[in-house]
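Have a look at the structure below before the remarks.
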Amino acid sequence: MHVAMVMDGNGRWATRRGLPRAAGHRAGAEAVRRVVKIAPDCGVTALTLYAFSSDNWTRPSAEVSMLMRLFARYLRSETAELAGQGVKLMIVGRRDRLPHSLVKAIDAAEQATASGTRLELRIAVDYSARAAIRAGTLLPDVDLLIRTGGEQRLSDFLLWECAYAELWFTERMWPDFGAVQLAAAVHEFHSRDRRFGGLPNREAV
Ligand code: FPP
């Protein structure tokens with residue numbers, strides 16, 4: 001089962017606590033750690049996380065560079081653990097605009113986890129679904145798309161791959177997302193009648 005996540009709400013989570021937005025992103029990275037760890041137990045075999053969209057370059061440069069450093073730090077500190085968990089890590093999106101140090105961390109993390117078979121973890125950085133469609137760099141079809149932070153839109157994420165995805169939205173901010181919410185979303189997914197344009201199951205002959 002391929003689950004995709006738009007991790008929205010880090011900034012609001014921090015602002016509500018009187019903290020700088022950077023603290024929200026750091027808490028967001030903790031949520032990533034938690035979710036990656038428990039995802040296979042929820043039946044997730046592929047997980048794609050939207051960490052930085054190609055439109056996010058318009059954010060203040062201090063926030064952009066903070067995020068780039070956070071991604072590199074996550075990769076360096078998590079690689080051994082991910083490899084041990086059987087996670088195969090891949091970064092999707094453009095690499096030519098990323099800081100060199102991040103590209104090096106990506107290469108090392110991808111190499112070190114290349115033989116993982118328990119979970120395909122894709123992290124989308126400088127990613128645009130429209131650009132991916134134009135370039136023909138498509139990912140596996142998404143079964144379930146989760147978006148936190150109360151917004152209900154796709155924001156240029158996996159537009160092609162979500163053709164028949166079930167959508168699940170929550171008001172909860174990304175740093176507060178965890179095992180309970182993932183299990184609830186997966187549970188609801190299994191209760192939905194996926195028809196792919198055909199007839200409901202009960203009417204099939
Ligand atoms: C959206 O919240 C979040 C981002 C643009 C960044 C996502 C980054 C993380 C979850 C942290 C680390 C990720 C990895 C893979 C280690 P927002 O800033 O738009 O929040 P807001 O809508 O409340 O302003």
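Residues are referred to by chain and number: the chain letter is A, B, ... according to the order shown in the structure tokens, the number counts from 1 in that chain, and ligands are numbered separately from 1 in the order shown.
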Ligand 1: which residues are within 8 Å, counting only C-alpha atoms and all ligand atoms, as a CSV table (one decimal) with all heavy atoms, in the first residue's frame?
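Writing done, so here's pocket.csv:
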chain,number,residue,atom,x,y,z
A,6,VAL,N,1.1,15.0,2.7
A,6,VAL,CA,1.5,16.4,2.6
A,6,VAL,C,1.5,16.9,4.1
A,6,VAL,O,0.5,16.9,4.8
A,6,VAL,CB,0.4,17.2,1.9
A,6,VAL,CG1,0.8,18.7,1.8
A,6,VAL,CG2,0.2,16.7,0.5
A,7,MET,N,2.8,17.2,4.5
A,7,MET,CA,3.0,17.4,6.0
A,7,MET,C,2.9,18.9,6.3
A,7,MET,O,3.8,19.7,6.4
A,7,MET,CB,4.5,17.0,6.3
A,7,MET,CG,4.7,15.5,5.8
A,7,MET,SD,6.4,15.0,6.2
A,7,MET,CE,7.4,15.9,5.1
A,8,ASP,N,1.6,19.4,6.4
A,8,ASP,CA,1.4,20.8,6.6
A,8,ASP,C,1.1,21.2,8.0
A,8,ASP,O,0.6,20.4,8.8
A,8,ASP,CB,0.1,21.1,5.7
A,8,ASP,CG,0.1,22.6,5.3
A,8,ASP,OD1,1.0,23.3,5.6
A,8,ASP,OD2,-0.9,23.0,4.7
A,9,GLY,N,1.5,22.4,8.4
A,9,GLY,CA,1.2,22.9,9.7
A,9,GLY,C,2.3,23.1,10.7
A,9,GLY,O,2.1,23.5,11.8
A,10,ASN,N,3.6,22.9,10.2
A,10,ASN,CA,4.7,23.0,11.1
A,10,ASN,C,4.8,24.5,11.7
A,10,ASN,O,5.0,24.7,12.8
A,10,ASN,CB,6.0,22.8,10.4
A,10,ASN,CG,6.2,21.3,10.0
A,10,ASN,OD1,5.5,20.5,10.5
A,10,ASN,ND2,7.2,21.1,9.1
A,11,GLY,N,4.6,25.4,10.8
A,11,GLY,CA,4.7,26.8,11.1
A,11,GLY,C,3.6,27.2,12.1
A,11,GLY,O,3.9,27.9,13.2
A,12,ARG,N,2.4,26.9,11.9
A,12,ARG,CA,1.3,27.2,12.8
A,12,ARG,C,1.5,26.5,14.1
A,12,ARG,O,1.2,27.1,15.2
A,12,ARG,CB,-0.1,26.8,12.2
A,12,ARG,CG,-0.5,27.9,11.2
A,12,ARG,CD,-1.7,27.3,10.3
A,12,ARG,NE,-1.2,26.4,9.4
A,12,ARG,CZ,-1.9,25.5,8.7
A,12,ARG,NH1,-3.2,25.4,9.0
A,12,ARG,NH2,-1.4,24.7,7.9
A,13,TRP,N,1.9,25.3,14.1
A,13,TRP,CA,2.2,24.5,15.4
A,13,TRP,C,3.1,25.3,16.2
A,13,TRP,O,2.9,25.5,17.4
A,13,TRP,CB,2.8,23.2,15.0
A,13,TRP,CG,3.1,22.3,16.2
A,13,TRP,CD1,2.2,21.3,16.7
A,13,TRP,CD2,4.3,22.2,16.9
A,13,TRP,NE1,2.8,20.7,17.8
A,13,TRP,CE2,4.1,21.2,17.9
A,13,TRP,CE3,5.5,22.9,16.9
A,13,TRP,CZ2,5.1,20.9,18.9
A,13,TRP,CZ3,6.5,22.6,17.8
A,13,TRP,CH2,6.3,21.6,18.8
A,14,ALA,N,4.2,25.9,15.6
A,14,ALA,CA,5.2,26.6,16.4
A,14,ALA,C,4.6,28.0,16.8
A,14,ALA,O,4.8,28.4,18.0
A,14,ALA,CB,6.4,26.8,15.5
A,21,ARG,N,9.2,29.5,13.7
A,21,ARG,CA,8.8,28.5,12.7
A,21,ARG,C,9.8,27.3,12.7
A,21,ARG,O,9.4,26.2,12.5
A,21,ARG,CB,8.6,29.1,11.4
A,21,ARG,CG,7.4,30.1,11.3
A,21,ARG,CD,7.3,30.7,9.9
A,21,ARG,NE,7.2,29.7,8.8
A,21,ARG,CZ,6.1,29.2,8.5
A,21,ARG,NH1,4.9,29.5,9.1
A,21,ARG,NH2,6.0,28.3,7.5
A,24,GLY,N,9.0,24.5,14.7
A,24,GLY,CA,7.9,23.7,14.1
A,24,GLY,C,8.5,22.7,13.1
A,24,GLY,O,8.1,21.5,13.0
A,25,HIS,N,9.5,23.1,12.3
A,25,HIS,CA,10.1,22.2,11.3
A,25,HIS,C,10.9,21.1,12.0
A,25,HIS,O,10.9,20.0,11.6
A,25,HIS,CB,10.9,23.0,10.4
A,25,HIS,CG,10.2,23.9,9.5
A,25,HIS,ND1,9.0,23.5,8.8
A,25,HIS,CD2,10.3,25.2,9.1
A,25,HIS,CE1,8.5,24.5,8.1
A,25,HIS,NE2,9.3,25.6,8.3
A,26,ARG,N,11.5,21.5,13.1
A,26,ARG,CA,12.3,20.5,13.9
A,26,ARG,C,11.3,19.5,14.5
A,26,ARG,O,11.6,18.2,14.4
A,26,ARG,CB,13.1,21.1,15.0
A,26,ARG,CG,14.4,21.7,14.4
A,26,ARG,CD,15.4,22.1,15.5
A,26,ARG,NE,14.9,23.2,16.4
A,26,ARG,CZ,15.1,24.5,16.2
A,26,ARG,NH1,15.8,24.9,15.1
A,26,ARG,NH2,14.6,25.4,17.0
A,27,ALA,N,10.2,19.9,15.0
A,27,ALA,CA,9.2,19.0,15.6
A,27,ALA,C,8.6,18.2,14.4
A,27,ALA,O,8.3,17.0,14.6
A,27,ALA,CB,8.1,19.8,16.3
A,28,GLY,N,8.5,18.8,13.2
A,28,GLY,CA,8.0,18.0,12.1
A,28,GLY,C,9.0,16.9,11.7
A,28,GLY,O,8.5,15.8,11.3
A,29,ALA,N,10.3,17.1,11.8
A,29,ALA,CA,11.3,16.1,11.5
A,29,ALA,C,11.1,14.9,12.5
A,29,ALA,O,11.3,13.7,12.2
A,29,ALA,CB,12.7,16.6,11.6
A,30,GLU,N,10.8,15.2,13.8
A,30,GLU,CA,10.5,14.2,14.8
A,30,GLU,C,9.3,13.4,14.4
A,30,GLU,O,9.3,12.1,14.5
A,30,GLU,CB,10.3,14.8,16.2
A,30,GLU,CG,11.5,15.4,16.8
A,30,GLU,CD,12.6,14.3,16.9
A,30,GLU,OE1,12.4,13.2,17.2
A,30,GLU,OE2,13.8,14.7,16.6
A,31,ALA,N,8.3,14.0,13.9
A,31,ALA,CA,7.1,13.3,13.4
A,31,ALA,C,7.4,12.4,12.2
A,31,ALA,O,6.9,11.3,12.1
A,31,ALA,CB,6.0,14.3,13.0
A,32,VAL,N,8.3,12.9,11.4
A,32,VAL,CA,8.8,12.0,10.2
A,32,VAL,C,9.4,10.7,10.8
A,32,VAL,O,9.1,9.6,10.4
A,32,VAL,CB,9.7,12.8,9.3
A,32,VAL,CG1,10.4,11.8,8.3
A,32,VAL,CG2,9.0,13.9,8.6
A,33,ARG,N,10.3,10.9,11.8
A,33,ARG,CA,10.9,9.7,12.4
A,33,ARG,C,9.9,8.7,12.9
A,33,ARG,O,10.0,7.5,12.6
A,33,ARG,CB,11.8,10.2,13.5
A,33,ARG,CG,13.2,10.6,13.1
A,33,ARG,CD,14.1,10.8,14.3
A,33,ARG,NE,15.2,11.6,13.8
A,33,ARG,CZ,15.4,12.9,14.0
A,33,ARG,NH1,14.5,13.6,14.7
A,33,ARG,NH2,16.4,13.5,13.4
A,49,LEU,N,6.7,11.4,1.1
A,49,LEU,CA,6.5,12.5,2.0
A,49,LEU,C,6.9,13.8,1.2
A,49,LEU,O,8.0,13.9,0.6
A,49,LEU,CB,7.4,12.4,3.2
A,49,LEU,CG,7.3,11.2,4.1
A,49,LEU,CD1,8.3,11.2,5.2
A,49,LEU,CD2,5.9,11.1,4.7
A,50,TYR,N,6.0,14.8,1.3
A,50,TYR,CA,6.3,16.1,0.6
A,50,TYR,C,7.0,17.0,1.5
A,50,TYR,O,6.4,17.6,2.4
A,50,TYR,CB,4.9,16.7,0.2
A,50,TYR,CG,4.9,17.6,-0.9
A,50,TYR,CD1,6.0,17.8,-1.8
A,50,TYR,CD2,3.7,18.3,-1.3
A,50,TYR,CE1,5.9,18.7,-2.9
A,50,TYR,CE2,3.6,19.1,-2.3
A,50,TYR,CZ,4.7,19.3,-3.1
A,50,TYR,OH,4.6,20.2,-4.2
A,51,ALA,N,8.3,17.1,1.4
A,51,ALA,CA,9.1,17.9,2.3
A,51,ALA,C,9.3,19.3,1.9
A,51,ALA,O,9.4,20.2,2.7
A,51,ALA,CB,10.4,17.2,2.6
A,52,PHE,N,9.4,19.5,0.5
A,52,PHE,CA,9.7,20.8,0.0
A,52,PHE,C,9.3,20.9,-1.4
A,52,PHE,O,9.8,20.2,-2.3
A,52,PHE,CB,11.2,21.1,0.1
A,52,PHE,CG,11.7,22.5,-0.1
A,52,PHE,CD1,11.7,23.4,0.9
A,52,PHE,CD2,12.0,22.9,-1.4
A,52,PHE,CE1,12.1,24.7,0.7
A,52,PHE,CE2,12.4,24.3,-1.6
A,52,PHE,CZ,12.4,25.2,-0.6
A,53,SER,N,8.3,21.8,-1.7
A,53,SER,CA,7.8,21.9,-3.1
A,53,SER,C,8.6,22.9,-3.9
A,53,SER,O,9.3,23.7,-3.3
A,53,SER,CB,6.3,22.3,-3.0
A,53,SER,OG,6.2,23.7,-2.9
A,56,ASN,N,8.1,26.2,-2.8
A,56,ASN,CA,8.6,26.7,-1.4
A,56,ASN,C,9.9,27.5,-1.5
A,56,ASN,O,10.3,28.2,-0.5
A,56,ASN,CB,8.9,25.4,-0.5
A,56,ASN,CG,7.6,24.8,0.0
A,56,ASN,OD1,7.6,23.6,0.3
A,56,ASN,ND2,6.6,25.5,0.2
A,67,LEU,N,15.6,24.7,6.4
A,67,LEU,CA,15.0,23.5,5.9
A,67,LEU,C,16.0,22.6,5.2
A,67,LEU,O,16.1,21.4,5.5
A,67,LEU,CB,13.8,23.7,5.0
A,67,LEU,CG,12.5,24.1,5.7
A,67,LEU,CD1,11.5,24.6,4.7
A,67,LEU,CD2,11.9,23.0,6.5
A,70,LEU,N,18.1,21.1,7.8
A,70,LEU,CA,17.4,20.1,8.5
A,70,LEU,C,17.3,18.8,7.7
A,70,LEU,O,17.5,17.7,8.3
A,70,LEU,CB,16.0,20.6,8.8
A,70,LEU,CG,15.0,19.8,9.7
A,70,LEU,CD1,15.6,19.6,11.1
A,70,LEU,CD2,13.7,20.4,9.8
A,71,PHE,N,17.1,18.9,6.4
A,71,PHE,CA,17.0,17.6,5.6
A,71,PHE,C,18.3,16.9,5.6
A,71,PHE,O,18.4,15.7,5.8
A,71,PHE,CB,16.6,18.0,4.1
A,71,PHE,CG,15.3,18.7,4.0
A,71,PHE,CD1,15.1,19.6,2.9
A,71,PHE,CD2,14.2,18.4,4.8
A,71,PHE,CE1,13.9,20.2,2.7
A,71,PHE,CE2,13.0,19.0,4.7
A,71,PHE,CZ,12.8,19.9,3.6
A,73,ARG,N,20.6,17.1,7.9
A,73,ARG,CA,20.9,16.5,9.2
A,73,ARG,C,20.1,15.2,9.4
A,73,ARG,O,20.5,14.3,10.0
A,73,ARG,CB,20.6,17.6,10.3
A,73,ARG,CG,21.2,17.2,11.6
A,73,ARG,CD,21.3,18.4,12.5
A,73,ARG,NE,20.0,19.0,12.8
A,73,ARG,CZ,19.7,20.3,12.7
A,73,ARG,NH1,20.6,21.1,12.2
A,73,ARG,NH2,18.5,20.7,13.0
A,74,TYR,N,18.8,15.3,9.0
A,74,TYR,CA,17.9,14.1,9.1
A,74,TYR,C,18.6,12.9,8.4
A,74,TYR,O,18.7,11.8,8.9
A,74,TYR,CB,16.5,14.4,8.5
A,74,TYR,CG,15.7,13.2,8.4
A,74,TYR,CD1,14.9,12.7,9.5
A,74,TYR,CD2,15.6,12.4,7.2
A,74,TYR,CE1,14.2,11.6,9.4
A,74,TYR,CE2,14.8,11.3,7.1
A,74,TYR,CZ,14.1,10.9,8.2
A,74,TYR,OH,13.3,9.7,8.1
A,75,LEU,N,19.0,13.2,7.1
A,75,LEU,CA,19.6,12.1,6.3
A,75,LEU,C,20.8,11.5,7.0
A,75,LEU,O,21.0,10.3,7.2
A,75,LEU,CB,20.0,12.6,4.9
A,75,LEU,CG,18.8,13.0,4.1
A,75,LEU,CD1,19.2,13.5,2.7
A,75,LEU,CD2,17.8,11.8,3.8
A,123,ILE,N,11.2,10.8,-0.2
A,123,ILE,CA,11.1,12.2,0.3
A,123,ILE,C,11.2,13.1,-0.9
A,123,ILE,O,12.2,13.1,-1.6
A,123,ILE,CB,12.1,12.5,1.4
A,123,ILE,CG1,12.0,11.5,2.5
A,123,ILE,CG2,12.0,13.9,1.9
A,123,ILE,CD1,12.9,11.7,3.7
A,149,GLY,N,-2.9,19.6,8.8
A,149,GLY,CA,-2.9,21.1,8.8
A,149,GLY,C,-4.2,21.8,8.3
A,149,GLY,O,-4.2,23.0,8.2
A,173,MET,N,-2.0,19.4,13.1
A,173,MET,CA,-0.8,20.0,12.5
A,173,MET,C,0.2,18.8,12.4
A,173,MET,O,0.2,17.9,13.3
A,173,MET,CB,-0.2,21.1,13.4
A,173,MET,CG,-1.2,22.3,13.6
A,173,MET,SD,-1.5,23.1,12.0
A,173,MET,CE,-3.3,23.5,12.2
A,174,TRP,N,1.1,18.9,11.4
A,174,TRP,CA,2.0,17.8,11.2
A,174,TRP,C,2.8,17.3,12.4
A,174,TRP,O,3.0,16.1,12.7
A,174,TRP,CB,2.9,18.0,10.0
A,174,TRP,CG,4.0,17.0,9.9
A,174,TRP,CD1,5.3,17.0,10.1
A,174,TRP,CD2,3.7,15.6,9.5
A,174,TRP,NE1,5.9,15.8,9.9
A,174,TRP,CE2,4.9,14.9,9.5
A,174,TRP,CE3,2.5,14.9,9.1
A,174,TRP,CZ2,5.1,13.6,9.2
A,174,TRP,CZ3,2.7,13.5,8.8
A,174,TRP,CH2,3.9,12.9,8.8
A,175,PRO,N,3.4,18.3,13.2
A,175,PRO,CA,4.2,17.8,14.4
A,175,PRO,C,3.4,17.0,15.4
A,175,PRO,O,4.0,16.2,16.2
A,175,PRO,CB,4.7,19.1,15.0
A,175,PRO,CG,4.7,20.1,13.9
A,175,PRO,CD,3.5,19.7,13.1
Requested in this report: Step one, run DSSP on the backbone; step two, keep only residues of region 8-177 of chain A assigned to strand (DSSP E); then write them as a PyMOL selection string.
Outcome: chain A and resi 46-53+87-92+119-127+144-147+166-169
Please write the residues from the selection above to a file, keeping C-alpha atoms, as a compact mmCIF listing (two decimals), in the first residue's frame.
# COMPACT_ATOMS: atom_id res chain seq x y z
CA ALA A 46 5.70 2.66 0.17
CA LEU A 47 5.60 6.08 1.80
CA THR A 48 6.11 9.36 -0.05
CA LEU A 49 6.55 12.54 1.99
CA TYR A 50 6.25 16.08 0.59
CA ALA A 51 9.09 17.88 2.35
CA PHE A 52 9.73 20.83 0.01
CA SER A 53 7.79 21.85 -3.07
CA VAL A 87 13.94 1.12 4.61
CA LYS A 88 15.01 2.00 1.08
CA LEU A 89 15.31 5.77 0.97
CA MET A 90 14.96 7.76 -2.23
CA ILE A 91 14.80 11.49 -2.75
CA VAL A 92 12.57 12.63 -5.59
CA LEU A 119 9.56 0.11 3.11
CA GLU A 120 10.20 2.31 0.09
CA LEU A 121 10.55 5.78 1.58
CA ARG A 122 10.50 8.66 -0.89
CA ILE A 123 11.08 12.18 0.29
CA ALA A 124 10.08 14.84 -2.22
CA VAL A 125 12.44 17.83 -2.20
CA ASP A 126 12.24 20.58 -4.83
CA TYR A 127 9.39 18.54 -6.25
CA LEU A 144 -4.01 6.87 0.23
CA LEU A 145 -3.11 10.55 0.39
CA ILE A 146 -3.00 12.16 3.83
CA ARG A 147 -2.79 15.90 4.38
CA GLU A 166 -8.38 7.95 -1.42
CA LEU A 167 -7.98 11.34 0.25
CA TRP A 168 -7.82 11.78 4.03
CA PHE A 169 -7.57 15.19 5.68
**Report entry** Ser54 (chain A) environment, 12 Å, only C-alpha atoms, sequence neighbours closer than 5 positions dropped, as a PyMOL selection string
**Finding:** chain A and resi 59+64+92-98+124-132+155-157
Kindly save the residues from that selection, with N, CA and C atoms included, as a CSV table (one decimal), in the first residue's frame.
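Okay, again_15.csv is ready:
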chain,number,residue,atom,x,y,z
A,59,ARG,N,9.8,31.1,-0.2
A,59,ARG,CA,9.8,31.4,1.3
A,59,ARG,C,11.0,32.3,1.6
A,64,VAL,N,14.3,28.8,4.1
A,64,VAL,CA,14.7,27.8,3.1
A,64,VAL,C,16.0,27.2,3.5
A,92,VAL,N,13.1,12.3,-4.3
A,92,VAL,CA,12.6,12.6,-5.6
A,92,VAL,C,12.4,14.1,-5.8
A,93,GLY,N,12.6,14.6,-7.0
A,93,GLY,CA,12.5,16.0,-7.3
A,93,GLY,C,13.8,16.5,-7.9
A,94,ARG,N,14.0,17.8,-8.2
A,94,ARG,CA,15.2,18.3,-8.8
A,94,ARG,C,16.3,18.4,-7.8
A,95,ARG,N,17.5,18.0,-8.3
A,95,ARG,CA,18.7,18.1,-7.4
A,95,ARG,C,19.6,19.3,-7.7
A,96,ASP,N,19.4,19.8,-8.9
A,96,ASP,CA,20.4,20.8,-9.4
A,96,ASP,C,20.3,22.2,-8.6
A,97,ARG,N,19.2,22.4,-7.9
A,97,ARG,CA,19.2,23.7,-7.1
A,97,ARG,C,19.4,23.5,-5.6
A,98,LEU,N,19.7,22.2,-5.2
A,98,LEU,CA,19.9,22.0,-3.8
A,98,LEU,C,21.4,22.3,-3.4
A,124,ALA,N,10.1,13.9,-1.1
A,124,ALA,CA,10.1,14.8,-2.2
A,124,ALA,C,10.7,16.2,-1.8
A,125,VAL,N,11.8,16.6,-2.5
A,125,VAL,CA,12.4,17.8,-2.2
A,125,VAL,C,12.6,18.6,-3.5
A,126,ASP,N,12.3,19.8,-3.6
A,126,ASP,CA,12.2,20.6,-4.8
A,126,ASP,C,11.4,19.8,-5.9
A,127,TYR,N,10.2,19.4,-5.4
A,127,TYR,CA,9.4,18.5,-6.2
A,127,TYR,C,8.2,19.3,-6.8
A,128,SER,N,7.9,19.1,-8.0
A,128,SER,CA,6.7,19.7,-8.6
A,128,SER,C,6.0,18.5,-9.5
A,129,ALA,N,4.8,18.2,-9.2
A,129,ALA,CA,4.1,17.1,-9.9
A,129,ALA,C,4.0,17.5,-11.4
A,130,ARG,N,3.7,18.8,-11.7
A,130,ARG,CA,3.5,19.2,-13.1
A,130,ARG,C,4.8,19.0,-13.9
A,131,ALA,N,6.0,19.4,-13.2
A,131,ALA,CA,7.3,19.2,-13.8
A,131,ALA,C,7.6,17.7,-14.0
A,132,ALA,N,7.2,16.9,-13.0
A,132,ALA,CA,7.5,15.4,-13.1
A,132,ALA,C,6.7,14.8,-14.3
A,155,SER,N,-1.8,20.8,-4.0
A,155,SER,CA,-0.6,21.6,-4.1
A,155,SER,C,0.5,21.1,-4.9
A,156,ASP,N,0.2,20.6,-6.1
A,156,ASP,CA,1.3,20.2,-7.1
A,156,ASP,C,2.0,19.0,-6.6
A,157,PHE,N,1.4,18.1,-5.8
A,157,PHE,CA,2.0,16.9,-5.3
A,157,PHE,C,1.4,15.6,-6.0
**Report entry** Secondary structure check, helix (DSSP H, G or I) residues of region 122-163 of chain A, as number ranges by chain
**Finding:** A: 129-135
**Report entry** Atomic separation - CA of Met66 (chain A) relative to CA of Leu19 (chain A), Å
**Finding:** 15.0 Å
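Comparing A:Asn201, A:Gln85, A:Ser65, A:Ser115 by their smallest distance to Leu102 (chain A), the closest is A:Ser65 (using only C-alpha atoms).
Separating CA of Leu139 (chain A) from CA of Leu158 (chain A) is a distance of 7.9 Å.
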